[in-house]
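K.L.:
Sharing a structure with you now.
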Amino acid sequence: MQLNILNKGDAVVAELDGELDEHTASQVREALDKRISAGGFRNFVFDFSRLSFMDSTGIGMLLGRYKILKRSGAGIYISSPRPQVDKILSLAGIYSIIQKINL
Amino acid sequence: MNKLYIKISADIANDAFIRSTVAAFCVELNPTVEQIEDIKTAVSEAFTNCVIHGYECKKGNYVYLDLCVDDGKLSIIISDGGKGIENVEKAMEPFFTTKPEEERSGMGFTLMGTFMDEMRVDSTPGKGTTVTMVKNIGKEVA
């Protein structure tokens with residue numbers, strides 16, 4: 001799992017590349033929380049276009065980041081999930097709190 | 001009919017290997033990409049449960065997988081000899097988790113049940129848990 005965090009204008013884009021499971025989630029959580037706590041953005045985008053696998057660990061990871069980001073008042077988005085990841089996010093009702101976009 | 005039995009260390013680092021192995025095992029049934037993804041997700045959920053909940057990440061334990069492809073179906077039995085589940089019915093409710101402080105979603109059994117055609121959970125507190133899942137894939141390629 002590789003995580004690239006990019007600054008694009010007033011947004012932070014976190015690109016997840018690889019497989020997100022219980023084994024890889026802790027390093028992703030840590031890196032995301034570090035960037036979120038640094039602040040300086042109005043929108044936060046999880047770019048899932050290169051996320052090839054995700055299980056329910058990803059749901060927990062997203063909900064945890066959502067709680068932190070919501071407190072900061074930032075806009076939160078998920079971009080371009082692949083079909084299986086999209087299916088899991090839909091099933092978990094994630095899109096009722098985090099909007100899906102296509103970058 | 002083809003069968004595979006695996007005994008593997010209950011180490012979460014083995015999750016990716018196990019789900020990929022199960023996916024490779026059922027290739028002879030000519031599954032679609034979506035079916036492969038469904039199986040990998042369900043296996044990952046079951047294996048993670050064994051390691052995180054069954055054994056609570058304690059080292060020196062094993063997860064057992066009993067796989068069978070027959071008549072267009074993949075059967076997967078995943079079991080551990082861990083702490084077991086006190087209330088299986090409750091554990092299978094969406095969003096129920098015994099570890100909310102660890103950012104657990106409580107969606108593991110829901111995903112297994114949704115992505116597989118059959119799922120059954122047998123658990124004995126103090127002795128372990130067995131999850132049996134079946135995916136109807138299609139007839140074997142001659």
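The way I read the labels, and the way they are meant: chains A, B, ... in the order of the structure tokens, residue 1 as the first residue of every chain, and ligand 1 as the first ligand shown, with later ones counted on from there.
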Compute the chain A side of the contact with chain B at 7 Å, counting only C-alpha atoms, and hand it back as a list of chain:residue names.
P.N.:
A:Glu22, A:His23, A:Asp55, A:Ser56, A:Thr57, A:Ile59, A:Gly60, A:Met61, A:Gly64, A:Gln84
K.L.:
Okay, now the selection with C-alpha atoms, as a short mmCIF file (atom, residue, chain, number, x, y, z; two decimals), in the first residue's frame?
P.N.:
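The new file again28.cif reads:
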data_model
loop_
_atom_site.label_atom_id
_atom_site.label_comp_id
_atom_site.auth_asym_id
_atom_site.auth_seq_id
_atom_site.Cartn_x
_atom_site.Cartn_y
_atom_site.Cartn_z
CA GLU A 22 -6.08 -4.70 8.55
CA HIS A 23 -2.38 -5.17 7.87
CA ASP A 55 -12.36 -4.72 3.16
CA SER A 56 -14.37 -3.45 6.13
CA THR A 57 -11.17 -2.17 7.72
CA ILE A 59 -14.90 1.56 6.41
CA GLY A 60 -13.60 1.92 9.97
CA MET A 61 -10.62 3.92 8.75
CA GLY A 64 -12.48 7.59 11.98
CA GLN A 84 -15.77 -3.48 -5.63
#
K.L.:
I'd like the contact shell of region 30-40 of chain A - 12 Å cut-off, only C-alpha atoms, skipping same-chain residues fewer than 6 positions apart - returned as an MDAnalysis selection string.
P.N.:
chainID A and resid 2:16 24 46 61:62 64:74 76
K.L.:
Kindly export the residues of the current selection with C-alpha atoms, as a compact mmCIF listing (two decimals), in the first residue's frame.
P.N.:
# COMPACT_ATOMS: atom_id res chain seq x y z
CA GLN A 2 1.33 3.38 -1.02
CA LEU A 3 -0.13 6.67 0.13
CA ASN A 4 0.55 9.91 -1.73
CA ILE A 5 -0.69 13.10 -0.11
CA LEU A 6 -0.86 16.07 -2.48
CA ASN A 7 -1.81 19.71 -1.96
CA LYS A 8 -4.03 21.01 -4.74
CA GLY A 9 -5.12 24.60 -4.12
CA ASP A 10 -7.22 24.65 -0.96
CA ALA A 11 -7.63 20.87 -1.07
CA VAL A 12 -5.60 17.94 0.15
CA VAL A 13 -5.81 14.85 -2.06
CA ALA A 14 -4.85 11.54 -0.46
CA GLU A 15 -4.18 8.91 -3.15
CA LEU A 16 -4.37 5.35 -1.88
CA THR A 24 -1.89 -1.97 5.86
CA PHE A 46 -9.72 10.43 -0.62
CA MET A 61 -10.62 3.92 8.75
CA LEU A 62 -12.85 6.29 6.77
CA GLY A 64 -12.48 7.59 11.98
CA ARG A 65 -11.04 10.23 9.60
CA TYR A 66 -14.56 11.58 8.94
CA LYS A 67 -15.02 12.32 12.66
CA ILE A 68 -11.71 14.20 12.82
CA LEU A 69 -12.27 16.13 9.57
CA LYS A 70 -15.85 17.04 10.46
CA ARG A 71 -14.62 18.79 13.60
CA SER A 72 -12.27 20.90 11.46
CA GLY A 73 -15.15 21.97 9.20
CA ALA A 74 -13.46 20.73 6.02
CA ILE A 76 -14.83 15.58 2.70
K.L.:
Which value, in Å to one decimal, gives the distance between CA of Asp66 (chain B) and CA of Val85 (chain A)?
P.N.:
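Spanning CA of Asp66 (chain B) to CA of Val85 (chain A) is a straight-line distance of 26.7 Å.
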K.L.:
Write out as number ranges by chain each polymer residue whose atoms come within 12 Å of region 122-134 of chain B, counting only C-alpha atoms; drop sequence neighbours fewer than 6 positions from it.
P.N.:
B: 26, 35, 38-39, 42-43, 45-47, 49-51, 53-56, 61-89, 91-92, 108-109, 111-116
K.L.:
For CA of Leu63 (chain A) and CA of Cys57 (chain B), determine how far apart the two atoms are, in Å to one decimal place.
P.N.:
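Between CA of Leu63 (chain A) and CA of Cys57 (chain B) the gap works out to 22.8 Å.
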K.L.:
Write out as a PyMOL selection string all residues of region 42-95 of chain B that DSSP puts in strand (DSSP E) for this structure's backbone.
P.N.:
chain B and resi 62-70+73-80
K.L.:
Those residues with N, CA and C atoms, as a PDB file, in the first residue's frame please?
P.N.:
ATOM      1  N   TYR B  62      -2.989 -20.530  14.981  1.00  0.00           N
ATOM      2  CA  TYR B  62      -3.189 -20.863  13.574  1.00  0.00           C
ATOM      3  C   TYR B  62      -4.642 -20.660  13.138  1.00  0.00           C
ATOM      4  N   VAL B  63      -4.772 -20.344  11.844  1.00  0.00           N
ATOM      5  CA  VAL B  63      -6.081 -20.290  11.196  1.00  0.00           C
ATOM      6  C   VAL B  63      -6.115 -21.443  10.196  1.00  0.00           C
ATOM      7  N   TYR B  64      -7.253 -22.101  10.097  1.00  0.00           N
ATOM      8  CA  TYR B  64      -7.387 -23.293   9.244  1.00  0.00           C
ATOM      9  C   TYR B  64      -8.406 -23.014   8.134  1.00  0.00           C
ATOM     10  N   LEU B  65      -8.009 -23.305   6.909  1.00  0.00           N
ATOM     11  CA  LEU B  65      -8.926 -23.124   5.777  1.00  0.00           C
ATOM     12  C   LEU B  65      -9.113 -24.453   5.070  1.00  0.00           C
ATOM     13  N   ASP B  66     -10.356 -24.799   4.831  1.00  0.00           N
ATOM     14  CA  ASP B  66     -10.711 -26.025   4.140  1.00  0.00           C
ATOM     15  C   ASP B  66     -11.494 -25.596   2.897  1.00  0.00           C
ATOM     16  N   LEU B  67     -10.882 -25.730   1.733  1.00  0.00           N
ATOM     17  CA  LEU B  67     -11.494 -25.250   0.495  1.00  0.00           C
ATOM     18  C   LEU B  67     -11.894 -26.412  -0.398  1.00  0.00           C
ATOM     19  N   CYS B  68     -12.994 -26.224  -1.100  1.00  0.00           N
ATOM     20  CA  CYS B  68     -13.443 -27.263  -2.021  1.00  0.00           C
ATOM     21  C   CYS B  68     -14.152 -26.621  -3.212  1.00  0.00           C
ATOM     22  N   VAL B  69     -13.769 -27.023  -4.415  1.00  0.00           N
ATOM     23  CA  VAL B  69     -14.558 -26.640  -5.587  1.00  0.00           C
ATOM     24  C   VAL B  69     -15.211 -27.899  -6.131  1.00  0.00           C
ATOM     25  N   ASP B  70     -16.501 -27.800  -6.348  1.00  0.00           N
ATOM     26  CA  ASP B  70     -17.249 -28.955  -6.833  1.00  0.00           C
ATOM     27  C   ASP B  70     -18.567 -28.477  -7.439  1.00  0.00           C
ATOM     28  N   LYS B  73     -19.383 -24.810  -7.529  1.00  0.00           N
ATOM     29  CA  LYS B  73     -19.446 -24.079  -6.263  1.00  0.00           C
ATOM     30  C   LYS B  73     -18.093 -24.062  -5.573  1.00  0.00           C
ATOM     31  N   LEU B  74     -17.784 -22.943  -4.939  1.00  0.00           N
ATOM     32  CA  LEU B  74     -16.615 -22.864  -4.066  1.00  0.00           C
ATOM     33  C   LEU B  74     -17.108 -22.875  -2.629  1.00  0.00           C
ATOM     34  N   SER B  75     -16.610 -23.833  -1.844  1.00  0.00           N
ATOM     35  CA  SER B  75     -16.946 -23.875  -0.412  1.00  0.00           C
ATOM     36  C   SER B  75     -15.705 -23.513   0.387  1.00  0.00           C
ATOM     37  N   ILE B  76     -15.876 -22.655   1.350  1.00  0.00           N
ATOM     38  CA  ILE B  76     -14.756 -22.211   2.186  1.00  0.00           C
ATOM     39  C   ILE B  76     -15.138 -22.394   3.652  1.00  0.00           C
ATOM     40  N   ILE B  77     -14.318 -23.119   4.371  1.00  0.00           N
ATOM     41  CA  ILE B  77     -14.524 -23.231   5.820  1.00  0.00           C
ATOM     42  C   ILE B  77     -13.289 -22.625   6.479  1.00  0.00           C
ATOM     43  N   ILE B  78     -13.481 -21.559   7.236  1.00  0.00           N
ATOM     44  CA  ILE B  78     -12.368 -20.891   7.914  1.00  0.00           C
ATOM     45  C   ILE B  78     -12.599 -21.007   9.418  1.00  0.00           C
ATOM     46  N   SER B  79     -11.621 -21.559  10.121  1.00  0.00           N
ATOM     47  CA  SER B  79     -11.842 -21.729  11.554  1.00  0.00           C
ATOM     48  C   SER B  79     -10.619 -21.352  12.376  1.00  0.00           C
ATOM     49  N   ASP B  80     -10.888 -21.009  13.617  1.00  0.00           N
ATOM     50  CA  ASP B  80      -9.814 -20.727  14.572  1.00  0.00           C
ATOM     51  C   ASP B  80     -10.125 -21.433  15.876  1.00  0.00           C
TER      52      ASP B  80
END
K.L.:
Determine which residues of chain A DSSP labels as helix (DSSP H, G or I) from the backbone of this structure, then write them out as an mmCIF file with N, CA and C atoms, in the first residue's frame.
P.N.:
data_model
loop_
_atom_site.group_PDB
_atom_site.id
_atom_site.type_symbol
_atom_site.label_atom_id
_atom_site.label_comp_id
_atom_site.auth_asym_id
_atom_site.auth_seq_id
_atom_site.Cartn_x
_atom_site.Cartn_y
_atom_site.Cartn_z
ATOM 1 N N GLU A 22 -6.484 -4.890 7.157
ATOM 2 C CA GLU A 22 -6.081 -4.703 8.551
ATOM 3 C C GLU A 22 -4.563 -4.534 8.678
ATOM 4 N N HIS A 23 -3.836 -5.210 7.810
ATOM 5 C CA HIS A 23 -2.375 -5.166 7.874
ATOM 6 C C HIS A 23 -1.811 -3.815 7.440
ATOM 7 N N THR A 24 -2.436 -3.213 6.417
ATOM 8 C CA THR A 24 -1.893 -1.967 5.857
ATOM 9 C C THR A 24 -2.543 -0.702 6.424
ATOM 10 N N ALA A 25 -3.663 -0.863 7.117
ATOM 11 C CA ALA A 25 -4.446 0.317 7.540
ATOM 12 C C ALA A 25 -3.740 1.204 8.559
ATOM 13 N N SER A 26 -2.939 0.603 9.445
ATOM 14 C CA SER A 26 -2.369 1.428 10.517
ATOM 15 C C SER A 26 -1.412 2.497 9.977
ATOM 16 N N GLN A 27 -0.601 2.138 8.975
ATOM 17 C CA GLN A 27 0.322 3.135 8.415
ATOM 18 C C GLN A 27 -0.445 4.230 7.673
ATOM 19 N N VAL A 28 -1.570 3.849 7.049
ATOM 20 C CA VAL A 28 -2.385 4.827 6.333
ATOM 21 C C VAL A 28 -3.039 5.792 7.334
ATOM 22 N N ARG A 29 -3.595 5.229 8.390
ATOM 23 C CA ARG A 29 -4.214 6.061 9.444
ATOM 24 C C ARG A 29 -3.219 7.087 9.986
ATOM 25 N N GLU A 30 -2.044 6.603 10.309
ATOM 26 C CA GLU A 30 -1.019 7.445 10.913
ATOM 27 C C GLU A 30 -0.636 8.604 9.992
ATOM 28 N N ALA A 31 -0.402 8.298 8.719
ATOM 29 C CA ALA A 31 0.003 9.331 7.756
ATOM 30 C C ALA A 31 -1.128 10.331 7.512
ATOM 31 N N LEU A 32 -2.356 9.830 7.415
ATOM 32 C CA LEU A 32 -3.491 10.727 7.185
ATOM 33 C C LEU A 32 -3.697 11.661 8.384
ATOM 34 N N ASP A 33 -3.628 11.101 9.572
ATOM 35 C CA ASP A 33 -3.860 11.914 10.773
ATOM 36 C C ASP A 33 -2.796 12.999 10.932
ATOM 37 N N LYS A 34 -1.577 12.669 10.537
ATOM 38 C CA LYS A 34 -0.489 13.641 10.607
ATOM 39 C C LYS A 34 -0.781 14.827 9.670
ATOM 40 N N ARG A 35 -1.234 14.511 8.452
ATOM 41 C CA ARG A 35 -1.539 15.578 7.484
ATOM 42 C C ARG A 35 -2.767 16.377 7.914
ATOM 43 N N ILE A 36 -3.776 15.686 8.428
ATOM 44 C CA ILE A 36 -5.002 16.380 8.851
ATOM 45 C C ILE A 36 -4.684 17.343 9.998
ATOM 46 N N SER A 37 -3.876 16.904 10.946
ATOM 47 C CA SER A 37 -3.582 17.757 12.102
ATOM 48 C C SER A 37 -2.720 18.960 11.718
ATOM 49 N N ALA A 38 -2.002 18.867 10.589
ATOM 50 C CA ALA A 38 -1.199 20.011 10.125
ATOM 51 C C ALA A 38 -2.099 21.128 9.595
ATOM 52 N N SER A 56 -13.661 -4.329 5.196
ATOM 53 C CA SER A 56 -14.370 -3.449 6.132
ATOM 54 C C SER A 56 -13.427 -2.619 7.000
ATOM 55 N N THR A 57 -12.156 -2.994 7.017
ATOM 56 C CA THR A 57 -11.169 -2.169 7.718
ATOM 57 C C THR A 57 -11.183 -0.753 7.148
ATOM 58 N N GLY A 58 -11.387 -0.657 5.838
ATOM 59 C CA GLY A 58 -11.420 0.648 5.174
ATOM 60 C C GLY A 58 -12.597 1.489 5.632
ATOM 61 N N ILE A 59 -13.720 0.836 5.927
ATOM 62 C CA ILE A 59 -14.897 1.562 6.409
ATOM 63 C C ILE A 59 -14.576 2.199 7.762
ATOM 64 N N GLY A 60 -13.978 1.414 8.650
ATOM 65 C CA GLY A 60 -13.600 1.923 9.968
ATOM 66 C C GLY A 60 -12.595 3.058 9.864
ATOM 67 N N MET A 61 -11.636 2.888 8.955
ATOM 68 C CA MET A 61 -10.618 3.921 8.749
ATOM 69 C C MET A 61 -11.260 5.226 8.258
ATOM 70 N N LEU A 62 -12.188 5.101 7.312
ATOM 71 C CA LEU A 62 -12.854 6.288 6.767
ATOM 72 C C LEU A 62 -13.717 6.991 7.821
ATOM 73 N N LEU A 63 -14.471 6.196 8.584
ATOM 74 C CA LEU A 63 -15.343 6.790 9.611
ATOM 75 C C LEU A 63 -14.513 7.516 10.667
ATOM 76 N N GLY A 64 -13.367 6.953 11.009
ATOM 77 C CA GLY A 64 -12.482 7.593 11.980
ATOM 78 C C GLY A 64 -11.968 8.932 11.479
ATOM 79 N N ARG A 65 -11.549 8.986 10.177
ATOM 80 C CA ARG A 65 -11.039 10.228 9.601
ATOM 81 C C ARG A 65 -12.187 11.229 9.434
ATOM 82 N N TYR A 66 -13.380 10.719 9.103
ATOM 83 C CA TYR A 66 -14.557 11.584 8.942
ATOM 84 C C TYR A 66 -14.837 12.356 10.231
ATOM 85 N N LYS A 67 -14.761 11.659 11.362
ATOM 86 C CA LYS A 67 -15.022 12.318 12.657
ATOM 87 C C LYS A 67 -14.020 13.443 12.904
ATOM 88 N N ILE A 68 -12.756 13.196 12.595
ATOM 89 C CA ILE A 68 -11.710 14.204 12.817
ATOM 90 C C ILE A 68 -11.902 15.388 11.856
ATOM 91 N N LEU A 69 -12.138 15.070 10.574
ATOM 92 C CA LEU A 69 -12.269 16.125 9.566
ATOM 93 C C LEU A 69 -13.520 16.969 9.777
ATOM 94 N N LYS A 70 -14.580 16.325 10.237
ATOM 95 C CA LYS A 70 -15.848 17.040 10.457
ATOM 96 C C LYS A 70 -15.656 18.132 11.521
ATOM 97 N N ARG A 71 -14.894 17.808 12.535
ATOM 98 C CA ARG A 71 -14.621 18.789 13.603
ATOM 99 C C ARG A 71 -13.875 20.007 13.059
ATOM 100 N N SER A 72 -13.056 19.786 12.022
ATOM 101 C CA SER A 72 -12.271 20.896 11.464
ATOM 102 C C SER A 72 -13.096 21.723 10.486
ATOM 103 N N PRO A 83 -15.162 -0.529 -8.847
ATOM 104 C CA PRO A 83 -16.477 -1.140 -8.582
ATOM 105 C C PRO A 83 -16.609 -1.878 -7.243
ATOM 106 N N GLN A 84 -15.623 -2.712 -6.871
ATOM 107 C CA GLN A 84 -15.771 -3.478 -5.631
ATOM 108 C C GLN A 84 -15.717 -2.566 -4.405
ATOM 109 N N VAL A 85 -14.809 -1.605 -4.430
ATOM 110 C CA VAL A 85 -14.700 -0.659 -3.320
ATOM 111 C C VAL A 85 -15.981 0.173 -3.246
ATOM 112 N N ASP A 86 -16.478 0.572 -4.407
ATOM 113 C CA ASP A 86 -17.722 1.351 -4.482
ATOM 114 C C ASP A 86 -18.890 0.568 -3.877
ATOM 115 N N LYS A 87 -18.919 -0.730 -4.163
ATOM 116 C CA LYS A 87 -19.991 -1.603 -3.655
ATOM 117 C C LYS A 87 -19.949 -1.658 -2.120
ATOM 118 N N ILE A 88 -18.751 -1.787 -1.579
ATOM 119 C CA ILE A 88 -18.588 -1.859 -0.117
ATOM 120 C C ILE A 88 -18.972 -0.532 0.536
ATOM 121 N N LEU A 89 -18.548 0.570 -0.070
ATOM 122 C CA LEU A 89 -18.860 1.893 0.489
ATOM 123 C C LEU A 89 -20.370 2.155 0.447
ATOM 124 N N SER A 90 -21.009 1.733 -0.637
ATOM 125 C CA SER A 90 -22.465 1.902 -0.759
ATOM 126 C C SER A 90 -23.193 1.086 0.297
ATOM 127 N N LEU A 91 -22.766 -0.165 0.438
ATOM 128 C CA LEU A 91 -23.388 -1.086 1.399
ATOM 129 C C LEU A 91 -23.301 -0.542 2.827
ATOM 130 N N ILE A 94 -21.678 4.822 3.427
ATOM 131 C CA ILE A 94 -20.669 5.879 3.539
ATOM 132 C C ILE A 94 -21.070 7.125 2.731
ATOM 133 N N TYR A 95 -21.724 6.900 1.588
ATOM 134 C CA TYR A 95 -22.049 8.038 0.725
ATOM 135 C C TYR A 95 -23.142 8.941 1.305
ATOM 136 N N SER A 96 -23.771 8.507 2.382
ATOM 137 C CA SER A 96 -24.754 9.393 3.020
ATOM 138 C C SER A 96 -24.046 10.462 3.854
#
K.L.:
What is the CA of Arg82 (chain A) to CA of Phe48 (chain A) distance in Å?
P.N.:
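Spanning CA of Arg82 (chain A) to CA of Phe48 (chain A) is a straight-line distance of 7.2 Å.
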K.L.:
Can you pull out every residue within 9 Å of Ser79 (chain A), counting only C-alpha atoms, but drop anything in the same chain fewer than 4 positions away, and send it as JSON, numbers by chain?
P.N.:
{"A": [45, 46, 47, 48, 49, 99, 100, 101, 102, 103]}
K.L.:
Restricting the calculation to only C-alpha atoms: of A:Ile97, A:Gly75, A:Ala92, A:Asp21, which residue gets closest to Leu51 (chain A)?
P.N.:
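For Leu51 (chain A), the nearest of the given residues is A:Asp21.
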